Amino acid sequence: MAGDRPMSEAEERRQKLDRLVSEGRSPYRNRFPGPEQVAPLLERYASFESGEKSKENHRVAGRVMIRREHGKATFLVLRDPGARIQLYGNINELGEERYGEFKHLDIGDIIGAEGPVFRTRRGELSILVKDFIPLAKGLHPLPEKWHGLTDVEVRYRQRYLDLIANDEVHQAFYIRSRVLTAIRRFMDARGFIEVETPVMQTIPGGATARSFETHHNALDMNLYMRIALELHLKRLLVGGFDRVYEIGRIFRNEGISTRHNPEFTMLESQQAYADYNDVMEMTEQLVAYVAREVLGTLEISWKDEQVDLTPPWPRLTLRELIKEHSGVDFREYPERAAMKARVGETGITVEPGWSWGKIVDELLSTFVEPKLIQPTFIIDFPRELSPLARPKDEDSMLVERFEGFIGGMEIANCFSELTNPIEQRRRFEEQAALREAGDEEAGLVDEDFLTALEYGMPPSGGSGLGIDRLCMILTDSPSIRDVILFPLLKPEKQQ
């Protein structure tokens with residue numbers, strides 16, 4: 001029976017809740033109008049000396065993070081979205097009954113308080129509480145009190161607790177929000193217009209990736225969650241928009257790692273009358289602009305290394321980098337069998353379903369990517385790896401494509417767009433043949449897109465920038481889950 005054991009903290013909180021209800025006082029209020037943000041208050045009164053007090057009262061609201069009693073006074077630390085401030089309540093200001101309510105507030109409760117700002121004898125800016133009101137009763141104690149939440153599984157599964165307990169996590173997502181704002185400002189200033197394209201598509205295209213499939217009951221047809229934004233943005237170029245971009249959610253039915261989440265965010269753009277050189281310039285300028293706007297510097301820390309985002313970034317060919325770091329010159333092995341044998345000598349195990357292009361891509365990810373800590377553009381990829389990119393005039397085996405790397409991660413994938421509908425059809429058919437042979441990431445023939453190309457699309461440069469990975473770099477976060485508010489996790493019962 002409950003009387004035979006000490007009452008748990010959660011039970012004590014529930015008892016307080018029941019008491020408030022029985023006394024006719026609501027523990028969950030509808031509103032608290034006009035609270036001020038704590039951060040500006042701290043700045044406004046930063047020059048106060050010990051004992052100095054504001055003439056006017058201020059209203060603040062937030063969550064109680066720390067609580068301590070000292071004689072007939074109680075100190076609470078209140079946190080709002082931007083900062084923390086100490087609340088000082090005593091029996092003389094509040095009276096015996098109200099002070100009794102104040103001192104019995106729990107860590108985790110959300111309250112509103114009003115009073116003048118003053119600096120204590122110990123030098124801390126505080127609010128002398130003249131009045132207060134409970135706004136929401138916390139029925140569970142905060143994790144590890146106010147010392148923070150460290151269990152990674154709990155942090156991701158219950159992000160709300162992570163945000164309450166860890167100020168640096170709160171800051172990371174504040175930075176993410178500012179990154180998105182800065183990107184939009186940059187793109188708008190360059191004459192791009194923001195658009196929205198379908199999330200559910202009849203054919204998944206624009207990338208080599210496995211898609212998620214769903215079913216539309218009314219139309220009795222299968223649909224696919226988009227794996228890229230590209231093909232619909234190109235349709236808009238056909239329709240006469242010269243510069244378009246979209247910041248959108250992408251869905252890929254792939255593995256989960258520190259760099260991959262099945263649902264992620266991309267910036268994709270299309271610029272008419274441009275090529276991949278123009279897009280390279282735009283990409284490095286965009287990243288530099290965002291870093292300056294959000295962090296105020298182009299010198300950032302990434303895993304104990306200093307990274308300089310200052311443009312221009314080095315431009316190195318894929319062929320020279322793979323040859324330098326693996327010893328393999330892929331131009332010398334144009335056939336899959338020969339490439340498989342040569343790459344096997346490097347220690348890579350070539351899977352049966354891998355195409356020649358997939359083997360080249362594995363050389364890149366294994367030997368080159370981890371070395372690219374400083375911002376770098378890798379340019380000129382094999383045509384087989386780039387079914388939507390324009391071939392180079394001087395070498396039709398290669399295409400005008402680049403990938404941007406920072407911190408050993410690909411953050412951008414961009415190219416001069418293929419506008420020839422005859423060649424694009426042939427590329428699609430090659431992809432479809434690979435898919436028939438067992439490559440689940442290979443694409444399909446998109447007849448509607450081919451029809452659009454047949455009406456004529458201007459030469460253009462397309463860009464895809466991973467927002468989540470860029471946020472990882474700018475917040476020095478080791479996992480993509482650290483910059484996605486609610487990353488995908490198995491339900492707990494499936495653990």
# chains A, B, ... in the order shown; residues from 1 in each chain; ligands from 1
$ select_by_dssp --residues "range 246-398 of chain A" --states "alpha helix (DSSP H)" --output "PDB file with C-alpha atoms, in the first residue's frame"
ATOM      1  CA  TYR A 276      28.126  24.515 -62.671  1.00  0.00           C
ATOM      2  CA  ASN A 277      30.842  27.183 -62.400  1.00  0.00           C
ATOM      3  CA  ASP A 278      28.196  29.802 -61.601  1.00  0.00           C
ATOM      4  CA  VAL A 279      26.602  27.451 -59.078  1.00  0.00           C
ATOM      5  CA  MET A 280      29.962  26.778 -57.407  1.00  0.00           C
ATOM      6  CA  GLU A 281      30.439  30.482 -56.891  1.00  0.00           C
ATOM      7  CA  MET A 282      26.922  30.828 -55.517  1.00  0.00           C
ATOM      8  CA  THR A 283      27.338  27.858 -53.148  1.00  0.00           C
ATOM      9  CA  GLU A 284      30.552  29.094 -51.524  1.00  0.00           C
ATOM     10  CA  GLN A 285      29.141  32.602 -51.227  1.00  0.00           C
ATOM     11  CA  LEU A 286      25.907  31.254 -49.721  1.00  0.00           C
ATOM     12  CA  VAL A 287      27.692  29.216 -47.049  1.00  0.00           C
ATOM     13  CA  ALA A 288      29.958  32.150 -46.192  1.00  0.00           C
ATOM     14  CA  TYR A 289      26.989  34.523 -45.990  1.00  0.00           C
ATOM     15  CA  VAL A 290      25.048  32.190 -43.713  1.00  0.00           C
ATOM     16  CA  ALA A 291      28.041  31.696 -41.399  1.00  0.00           C
ATOM     17  CA  ARG A 292      28.589  35.449 -41.097  1.00  0.00           C
ATOM     18  CA  GLU A 293      24.903  36.131 -40.476  1.00  0.00           C
ATOM     19  CA  VAL A 294      24.439  33.347 -37.928  1.00  0.00           C
ATOM     20  CA  LEU A 295      27.829  33.041 -36.203  1.00  0.00           C
ATOM     21  CA  LEU A 318      37.313  13.510 -58.838  1.00  0.00           C
ATOM     22  CA  ARG A 319      39.843  11.568 -60.892  1.00  0.00           C
ATOM     23  CA  GLU A 320      42.909  13.239 -59.372  1.00  0.00           C
ATOM     24  CA  LEU A 321      41.611  12.932 -55.796  1.00  0.00           C
ATOM     25  CA  ILE A 322      40.718   9.240 -56.070  1.00  0.00           C
ATOM     26  CA  LYS A 323      44.055   8.509 -57.718  1.00  0.00           C
ATOM     27  CA  GLU A 324      45.945  10.458 -55.036  1.00  0.00           C
ATOM     28  CA  HIS A 325      44.259   8.795 -52.042  1.00  0.00           C
ATOM     29  CA  SER A 326      43.563   5.260 -53.318  1.00  0.00           C
ATOM     30  CA  ARG A 336      33.198  -3.187 -64.495  1.00  0.00           C
ATOM     31  CA  ALA A 337      35.119  -6.482 -64.242  1.00  0.00           C
ATOM     32  CA  ALA A 338      38.514  -4.782 -64.492  1.00  0.00           C
ATOM     33  CA  MET A 339      37.458  -2.058 -62.054  1.00  0.00           C
ATOM     34  CA  LYS A 340      36.182  -4.653 -59.574  1.00  0.00           C
ATOM     35  CA  ALA A 341      39.482  -6.555 -59.678  1.00  0.00           C
ATOM     36  CA  ARG A 342      41.571  -3.392 -59.241  1.00  0.00           C
ATOM     37  CA  VAL A 343      39.460  -1.989 -56.427  1.00  0.00           C
ATOM     38  CA  GLY A 344      39.567  -5.345 -54.637  1.00  0.00           C
ATOM     39  CA  TRP A 356      30.945   0.515 -62.370  1.00  0.00           C
ATOM     40  CA  GLY A 357      29.761   3.914 -61.160  1.00  0.00           C
ATOM     41  CA  LYS A 358      28.875   2.597 -57.714  1.00  0.00           C
ATOM     42  CA  ILE A 359      32.414   1.228 -57.369  1.00  0.00           C
ATOM     43  CA  VAL A 360      33.863   4.645 -58.224  1.00  0.00           C
ATOM     44  CA  ASP A 361      31.530   6.242 -55.669  1.00  0.00           C
ATOM     45  CA  GLU A 362      32.753   3.771 -53.024  1.00  0.00           C
ATOM     46  CA  LEU A 363      36.356   4.811 -53.731  1.00  0.00           C
TER      47      LEU A 363
END
$ residues_around --residues "range 382-397 of chain A" --least-positions-apart "5" --cutoff "9 Å" --atoms "only C-alpha atoms" --output "VMD selection string"
chain A and resid 206 to 208 318 355 to 358 360 to 361 414 to 420 424 427 to 428 430 to 431 443
$ write_last_selection --atoms "N, CA and C atoms" --output "PDB file, in the first residue's frame"
ATOM      1  N   GLY A 206      15.036  12.494 -59.787  1.00  0.00           N
ATOM      2  CA  GLY A 206      15.926  13.580 -59.418  1.00  0.00           C
ATOM      3  C   GLY A 206      17.120  13.143 -58.604  1.00  0.00           C
ATOM      4  N   ALA A 207      17.176  11.850 -58.249  1.00  0.00           N
ATOM      5  CA  ALA A 207      18.308  11.339 -57.464  1.00  0.00           C
ATOM      6  C   ALA A 207      18.320   9.822 -57.585  1.00  0.00           C
ATOM      7  N   THR A 208      19.433   9.227 -57.179  1.00  0.00           N
ATOM      8  CA  THR A 208      19.511   7.765 -57.101  1.00  0.00           C
ATOM      9  C   THR A 208      19.332   7.378 -55.639  1.00  0.00           C
ATOM     10  N   LEU A 318      37.543  14.796 -59.487  1.00  0.00           N
ATOM     11  CA  LEU A 318      37.313  13.510 -58.838  1.00  0.00           C
ATOM     12  C   LEU A 318      38.426  12.520 -59.199  1.00  0.00           C
ATOM     13  N   SER A 355      27.314  -1.364 -59.746  1.00  0.00           N
ATOM     14  CA  SER A 355      27.706  -0.992 -61.097  1.00  0.00           C
ATOM     15  C   SER A 355      29.113  -0.397 -61.077  1.00  0.00           C
ATOM     16  N   TRP A 356      29.636  -0.143 -62.279  1.00  0.00           N
ATOM     17  CA  TRP A 356      30.945   0.515 -62.370  1.00  0.00           C
ATOM     18  C   TRP A 356      30.922   1.857 -61.633  1.00  0.00           C
ATOM     19  N   GLY A 357      29.858   2.617 -61.816  1.00  0.00           N
ATOM     20  CA  GLY A 357      29.761   3.914 -61.160  1.00  0.00           C
ATOM     21  C   GLY A 357      29.692   3.803 -59.653  1.00  0.00           C
ATOM     22  N   LYS A 358      28.975   2.802 -59.153  1.00  0.00           N
ATOM     23  CA  LYS A 358      28.875   2.597 -57.714  1.00  0.00           C
ATOM     24  C   LYS A 358      30.244   2.284 -57.116  1.00  0.00           C
ATOM     25  N   VAL A 360      33.141   3.369 -58.269  1.00  0.00           N
ATOM     26  CA  VAL A 360      33.863   4.645 -58.224  1.00  0.00           C
ATOM     27  C   VAL A 360      33.391   5.469 -57.025  1.00  0.00           C
ATOM     28  N   ASP A 361      32.087   5.488 -56.799  1.00  0.00           N
ATOM     29  CA  ASP A 361      31.530   6.242 -55.669  1.00  0.00           C
ATOM     30  C   ASP A 361      32.036   5.694 -54.335  1.00  0.00           C
ATOM     31  N   CYS A 414      25.726  19.434 -57.138  1.00  0.00           N
ATOM     32  CA  CYS A 414      25.223  20.390 -58.119  1.00  0.00           C
ATOM     33  C   CYS A 414      25.823  20.099 -59.486  1.00  0.00           C
ATOM     34  N   PHE A 415      25.121  20.555 -60.547  1.00  0.00           N
ATOM     35  CA  PHE A 415      25.670  20.328 -61.877  1.00  0.00           C
ATOM     36  C   PHE A 415      24.996  21.217 -62.918  1.00  0.00           C
ATOM     37  N   SER A 416      25.662  21.272 -64.084  1.00  0.00           N
ATOM     38  CA  SER A 416      25.023  21.849 -65.258  1.00  0.00           C
ATOM     39  C   SER A 416      23.977  20.849 -65.725  1.00  0.00           C
ATOM     40  N   GLU A 417      22.782  21.331 -65.971  1.00  0.00           N
ATOM     41  CA  GLU A 417      21.676  20.426 -66.248  1.00  0.00           C
ATOM     42  C   GLU A 417      21.692  19.922 -67.691  1.00  0.00           C
ATOM     43  N   LEU A 418      21.329  18.672 -67.840  1.00  0.00           N
ATOM     44  CA  LEU A 418      21.152  18.095 -69.164  1.00  0.00           C
ATOM     45  C   LEU A 418      19.813  18.582 -69.720  1.00  0.00           C
ATOM     46  N   THR A 419      19.848  19.247 -70.881  1.00  0.00           N
ATOM     47  CA  THR A 419      18.627  19.808 -71.454  1.00  0.00           C
ATOM     48  C   THR A 419      18.210  19.099 -72.741  1.00  0.00           C
ATOM     49  N   ASN A 420      19.024  18.179 -73.214  1.00  0.00           N
ATOM     50  CA  ASN A 420      18.725  17.442 -74.443  1.00  0.00           C
ATOM     51  C   ASN A 420      17.752  16.303 -74.125  1.00  0.00           C
ATOM     52  N   GLN A 424      18.516  12.658 -72.524  1.00  0.00           N
ATOM     53  CA  GLN A 424      17.938  12.398 -71.207  1.00  0.00           C
ATOM     54  C   GLN A 424      17.127  11.109 -71.208  1.00  0.00           C
ATOM     55  N   ARG A 427      19.520   8.251 -70.958  1.00  0.00           N
ATOM     56  CA  ARG A 427      20.038   8.107 -69.578  1.00  0.00           C
ATOM     57  C   ARG A 427      18.988   7.446 -68.682  1.00  0.00           C
ATOM     58  N   PHE A 428      17.740   7.893 -68.803  1.00  0.00           N
ATOM     59  CA  PHE A 428      16.681   7.287 -68.007  1.00  0.00           C
ATOM     60  C   PHE A 428      16.558   5.790 -68.302  1.00  0.00           C
ATOM     61  N   GLU A 430      18.897   3.816 -69.326  1.00  0.00           N
ATOM     62  CA  GLU A 430      20.046   3.138 -68.699  1.00  0.00           C
ATOM     63  C   GLU A 430      19.762   2.903 -67.219  1.00  0.00           C
ATOM     64  N   GLN A 431      19.188   3.902 -66.558  1.00  0.00           N
ATOM     65  CA  GLN A 431      18.857   3.763 -65.143  1.00  0.00           C
ATOM     66  C   GLN A 431      17.789   2.691 -64.935  1.00  0.00           C
ATOM     67  N   GLY A 443      16.988   5.015 -61.177  1.00  0.00           N
ATOM     68  CA  GLY A 443      15.758   5.730 -61.467  1.00  0.00           C
ATOM     69  C   GLY A 443      14.871   5.044 -62.485  1.00  0.00           C
TER      70      GLY A 443
END
$ residues_around --residues "Arg469 in chain A" --least-positions-apart "3" --cutoff "10 Å" --atoms "only C-alpha atoms" --output "list in words"
Thr258, Arg259, His260, Phe264, Thr265, Met266, Ile406, Gly407, Met409, Glu410, Ile411, Ala412, Leu465, Gly466, Met472, Ile473, Leu474, Thr475, Ser477, Pro478, Ser479, Ile480 and Val483 of chain A
$ select_by_dssp --residues "range 44-198 of chain A" --states "strand (DSSP E)" --output "NGL selection string"
:A and (53-70 or 73-79 or 84-90 or 110-119 or 125-128 or 131-136 or 193-194)
$ write_last_selection --atoms "C-alpha atoms" --output "PDB file, in the first residue's frame"
ATOM      1  CA  LYS A  53      16.368  48.401  -8.004  1.00  0.00           C
ATOM      2  CA  SER A  54      14.249  49.370 -11.018  1.00  0.00           C
ATOM      3  CA  LYS A  55      11.442  51.853 -10.542  1.00  0.00           C
ATOM      4  CA  GLU A  56       8.960  49.837 -12.589  1.00  0.00           C
ATOM      5  CA  ASN A  57       7.779  46.254 -12.305  1.00  0.00           C
ATOM      6  CA  HIS A  58       8.443  43.690 -15.031  1.00  0.00           C
ATOM      7  CA  ARG A  59       6.458  40.601 -15.996  1.00  0.00           C
ATOM      8  CA  VAL A  60       8.302  37.411 -16.954  1.00  0.00           C
ATOM      9  CA  ALA A  61       7.171  33.848 -17.612  1.00  0.00           C
ATOM     10  CA  GLY A  62       8.944  30.542 -18.022  1.00  0.00           C
ATOM     11  CA  ARG A  63       9.936  27.255 -16.445  1.00  0.00           C
ATOM     12  CA  VAL A  64      11.397  26.865 -12.957  1.00  0.00           C
ATOM     13  CA  MET A  65      14.850  25.299 -13.348  1.00  0.00           C
ATOM     14  CA  ILE A  66      16.364  25.693  -9.873  1.00  0.00           C
ATOM     15  CA  ARG A  67      14.816  26.093  -6.436  1.00  0.00           C
ATOM     16  CA  ARG A  68      16.387  26.772  -3.061  1.00  0.00           C
ATOM     17  CA  GLU A  69      15.173  28.108   0.285  1.00  0.00           C
ATOM     18  CA  HIS A  70      17.008  30.355   2.702  1.00  0.00           C
ATOM     19  CA  ALA A  73      13.036  33.541   1.424  1.00  0.00           C
ATOM     20  CA  THR A  74      12.952  31.280  -1.648  1.00  0.00           C
ATOM     21  CA  PHE A  75      15.052  31.651  -4.784  1.00  0.00           C
ATOM     22  CA  LEU A  76      13.838  30.260  -8.113  1.00  0.00           C
ATOM     23  CA  VAL A  77      15.721  30.336 -11.391  1.00  0.00           C
ATOM     24  CA  LEU A  78      13.283  30.883 -14.258  1.00  0.00           C
ATOM     25  CA  ARG A  79      14.148  30.143 -17.877  1.00  0.00           C
ATOM     26  CA  ARG A  84      17.515  32.722 -17.234  1.00  0.00           C
ATOM     27  CA  ILE A  85      16.794  35.060 -14.364  1.00  0.00           C
ATOM     28  CA  GLN A  86      16.535  34.579 -10.616  1.00  0.00           C
ATOM     29  CA  LEU A  87      13.220  35.172  -8.844  1.00  0.00           C
ATOM     30  CA  TYR A  88      13.441  36.228  -5.206  1.00  0.00           C
ATOM     31  CA  GLY A  89      10.321  35.706  -3.116  1.00  0.00           C
ATOM     32  CA  ASN A  90      10.032  36.362   0.599  1.00  0.00           C
ATOM     33  CA  ILE A 110       5.760  26.989 -15.539  1.00  0.00           C
ATOM     34  CA  ILE A 111       4.922  30.259 -13.817  1.00  0.00           C
ATOM     35  CA  GLY A 112       4.461  33.951 -14.428  1.00  0.00           C
ATOM     36  CA  ALA A 113       5.954  36.508 -12.040  1.00  0.00           C
ATOM     37  CA  GLU A 114       5.985  40.274 -11.615  1.00  0.00           C
ATOM     38  CA  GLY A 115       8.199  42.678  -9.741  1.00  0.00           C
ATOM     39  CA  PRO A 116      11.119  45.114  -9.995  1.00  0.00           C
ATOM     40  CA  VAL A 117      14.564  44.062 -11.180  1.00  0.00           C
ATOM     41  CA  PHE A 118      17.362  44.445  -8.647  1.00  0.00           C
ATOM     42  CA  ARG A 119      20.905  43.239  -8.046  1.00  0.00           C
ATOM     43  CA  LEU A 125      20.316  40.340 -11.300  1.00  0.00           C
ATOM     44  CA  SER A 126      16.969  39.159  -9.955  1.00  0.00           C
ATOM     45  CA  ILE A 127      13.289  39.983  -9.837  1.00  0.00           C
ATOM     46  CA  LEU A 128      11.803  40.811  -6.441  1.00  0.00           C
ATOM     47  CA  ASP A 131       3.059  38.686  -7.470  1.00  0.00           C
ATOM     48  CA  PHE A 132       3.118  35.374  -9.297  1.00  0.00           C
ATOM     49  CA  ILE A 133       0.761  32.867 -10.894  1.00  0.00           C
ATOM     50  CA  PRO A 134       1.222  29.150 -11.609  1.00  0.00           C
ATOM     51  CA  LEU A 135       0.603  28.524 -15.329  1.00  0.00           C
ATOM     52  CA  ALA A 136       1.243  24.785 -15.749  1.00  0.00           C
ATOM     53  CA  ILE A 193      11.758  33.062 -56.090  1.00  0.00           C
ATOM     54  CA  GLU A 194      10.741  30.438 -53.538  1.00  0.00           C
TER      55      GLU A 194
END
$ atom_distance --atom1 "CA of Leu298 in chain A" --atom2 "CA of Pro40 in chain A"
27.0 Å
$ closest_residue --among "A:His232, A:Arg19, A:Arg249, A:Arg243" --to "Ile467 in chain A" --atoms "only C-alpha atoms"
A:Arg249
$ residues_around --residues "range 9-12 of chain A" --least-positions-apart "5" --cutoff "10 Å" --atoms "only C-alpha atoms" --output "list in words"
Ala2, Leu17, Asp18, Asp106, Gly138, Leu139, His140 and Pro141 of chain A
$ closest_residue --among "A:Asp468, A:Glu263, A:Glu436, A:Asp446" --to "Arg226 in chain A" --atoms "only C-alpha atoms"
A:Glu263
$ residues_around --residues "range 301-317 of chain A" --least-positions-apart "4" --cutoff "6 Å" --atoms "only C-alpha atoms" --output "JSON, numbers by chain"
{"A": [284, 288, 374, 375, 376, 377, 378, 379, 380, 476]}
$ write_last_selection --atoms "N, CA and C atoms" --output "PDB file, in the first residue's frame"
ATOM      1  N   GLU A 284      29.551  28.652 -52.507  1.00  0.00           N
ATOM      2  CA  GLU A 284      30.552  29.094 -51.524  1.00  0.00           C
ATOM      3  C   GLU A 284      30.174  30.453 -50.932  1.00  0.00           C
ATOM      4  N   ALA A 288      29.243  31.081 -46.901  1.00  0.00           N
ATOM      5  CA  ALA A 288      29.958  32.150 -46.192  1.00  0.00           C
ATOM      6  C   ALA A 288      28.986  33.183 -45.645  1.00  0.00           C
ATOM      7  N   GLN A 374      38.620  20.856 -44.802  1.00  0.00           N
ATOM      8  CA  GLN A 374      38.426  22.224 -45.258  1.00  0.00           C
ATOM      9  C   GLN A 374      37.471  22.227 -46.458  1.00  0.00           C
ATOM     10  N   PRO A 375      36.741  23.321 -46.659  1.00  0.00           N
ATOM     11  CA  PRO A 375      35.799  23.381 -47.782  1.00  0.00           C
ATOM     12  C   PRO A 375      36.495  23.082 -49.112  1.00  0.00           C
ATOM     13  N   THR A 376      35.922  22.171 -49.881  1.00  0.00           N
ATOM     14  CA  THR A 376      36.509  21.730 -51.143  1.00  0.00           C
ATOM     15  C   THR A 376      35.411  21.376 -52.126  1.00  0.00           C
ATOM     16  N   PHE A 377      35.618  21.740 -53.383  1.00  0.00           N
ATOM     17  CA  PHE A 377      34.743  21.290 -54.457  1.00  0.00           C
ATOM     18  C   PHE A 377      35.437  20.172 -55.223  1.00  0.00           C
ATOM     19  N   ILE A 378      34.753  19.024 -55.347  1.00  0.00           N
ATOM     20  CA  ILE A 378      35.205  17.966 -56.251  1.00  0.00           C
ATOM     21  C   ILE A 378      34.402  18.114 -57.541  1.00  0.00           C
ATOM     22  N   ILE A 379      35.104  18.198 -58.662  1.00  0.00           N
ATOM     23  CA  ILE A 379      34.431  18.471 -59.927  1.00  0.00           C
ATOM     24  C   ILE A 379      34.642  17.335 -60.921  1.00  0.00           C
ATOM     25  N   ASP A 380      33.762  17.291 -61.923  1.00  0.00           N
ATOM     26  CA  ASP A 380      33.882  16.422 -63.090  1.00  0.00           C
ATOM     27  C   ASP A 380      33.752  14.942 -62.735  1.00  0.00           C
ATOM     28  N   ASP A 476      28.807  22.439 -34.848  1.00  0.00           N
ATOM     29  CA  ASP A 476      29.789  21.447 -34.404  1.00  0.00           C
ATOM     30  C   ASP A 476      29.093  20.260 -33.751  1.00  0.00           C
TER      31      ASP A 476
END
$ closest_residue --among "A:Gln271, A:Ser463, A:Ser211, A:Thr451" --to "Phe251 in chain A" --atoms "only C-alpha atoms"
A:Ser211
$ closest_residue --among "A:Glu403, A:Asp242, A:Glu124, A:Glu369" --to "Ser50 in chain A" --atoms "only C-alpha atoms"
A:Glu124
$ residues_around --residues "Thr197 in chain A" --least-positions-apart "4" --cutoff "8 Å" --atoms "only C-alpha atoms" --output "ChimeraX atom specification"
/A:229,232-233,246
$ closest_residue --among "A:Gln270, A:Thr366, A:Thr346, A:Gln15" --to "Pro458 in chain A" --atoms "only C-alpha atoms"
A:Gln270
$ closest_residue --among "A:Gly461, A:Glu254, A:Tyr156, A:Asp329" --to "Leu364 in chain A" --atoms "only C-alpha atoms"
A:Asp329
$ residues_around --residues "Met200 in chain A" --least-positions-apart "6" --cutoff "10 Å" --atoms "only C-alpha atoms" --output "PyMOL selection string"
chain A and resi 212-216+222-227
$ atom_distance --atom1 "CA of Ala182 in chain A" --atom2 "CA of Ile300 in chain A"
17.4 Å
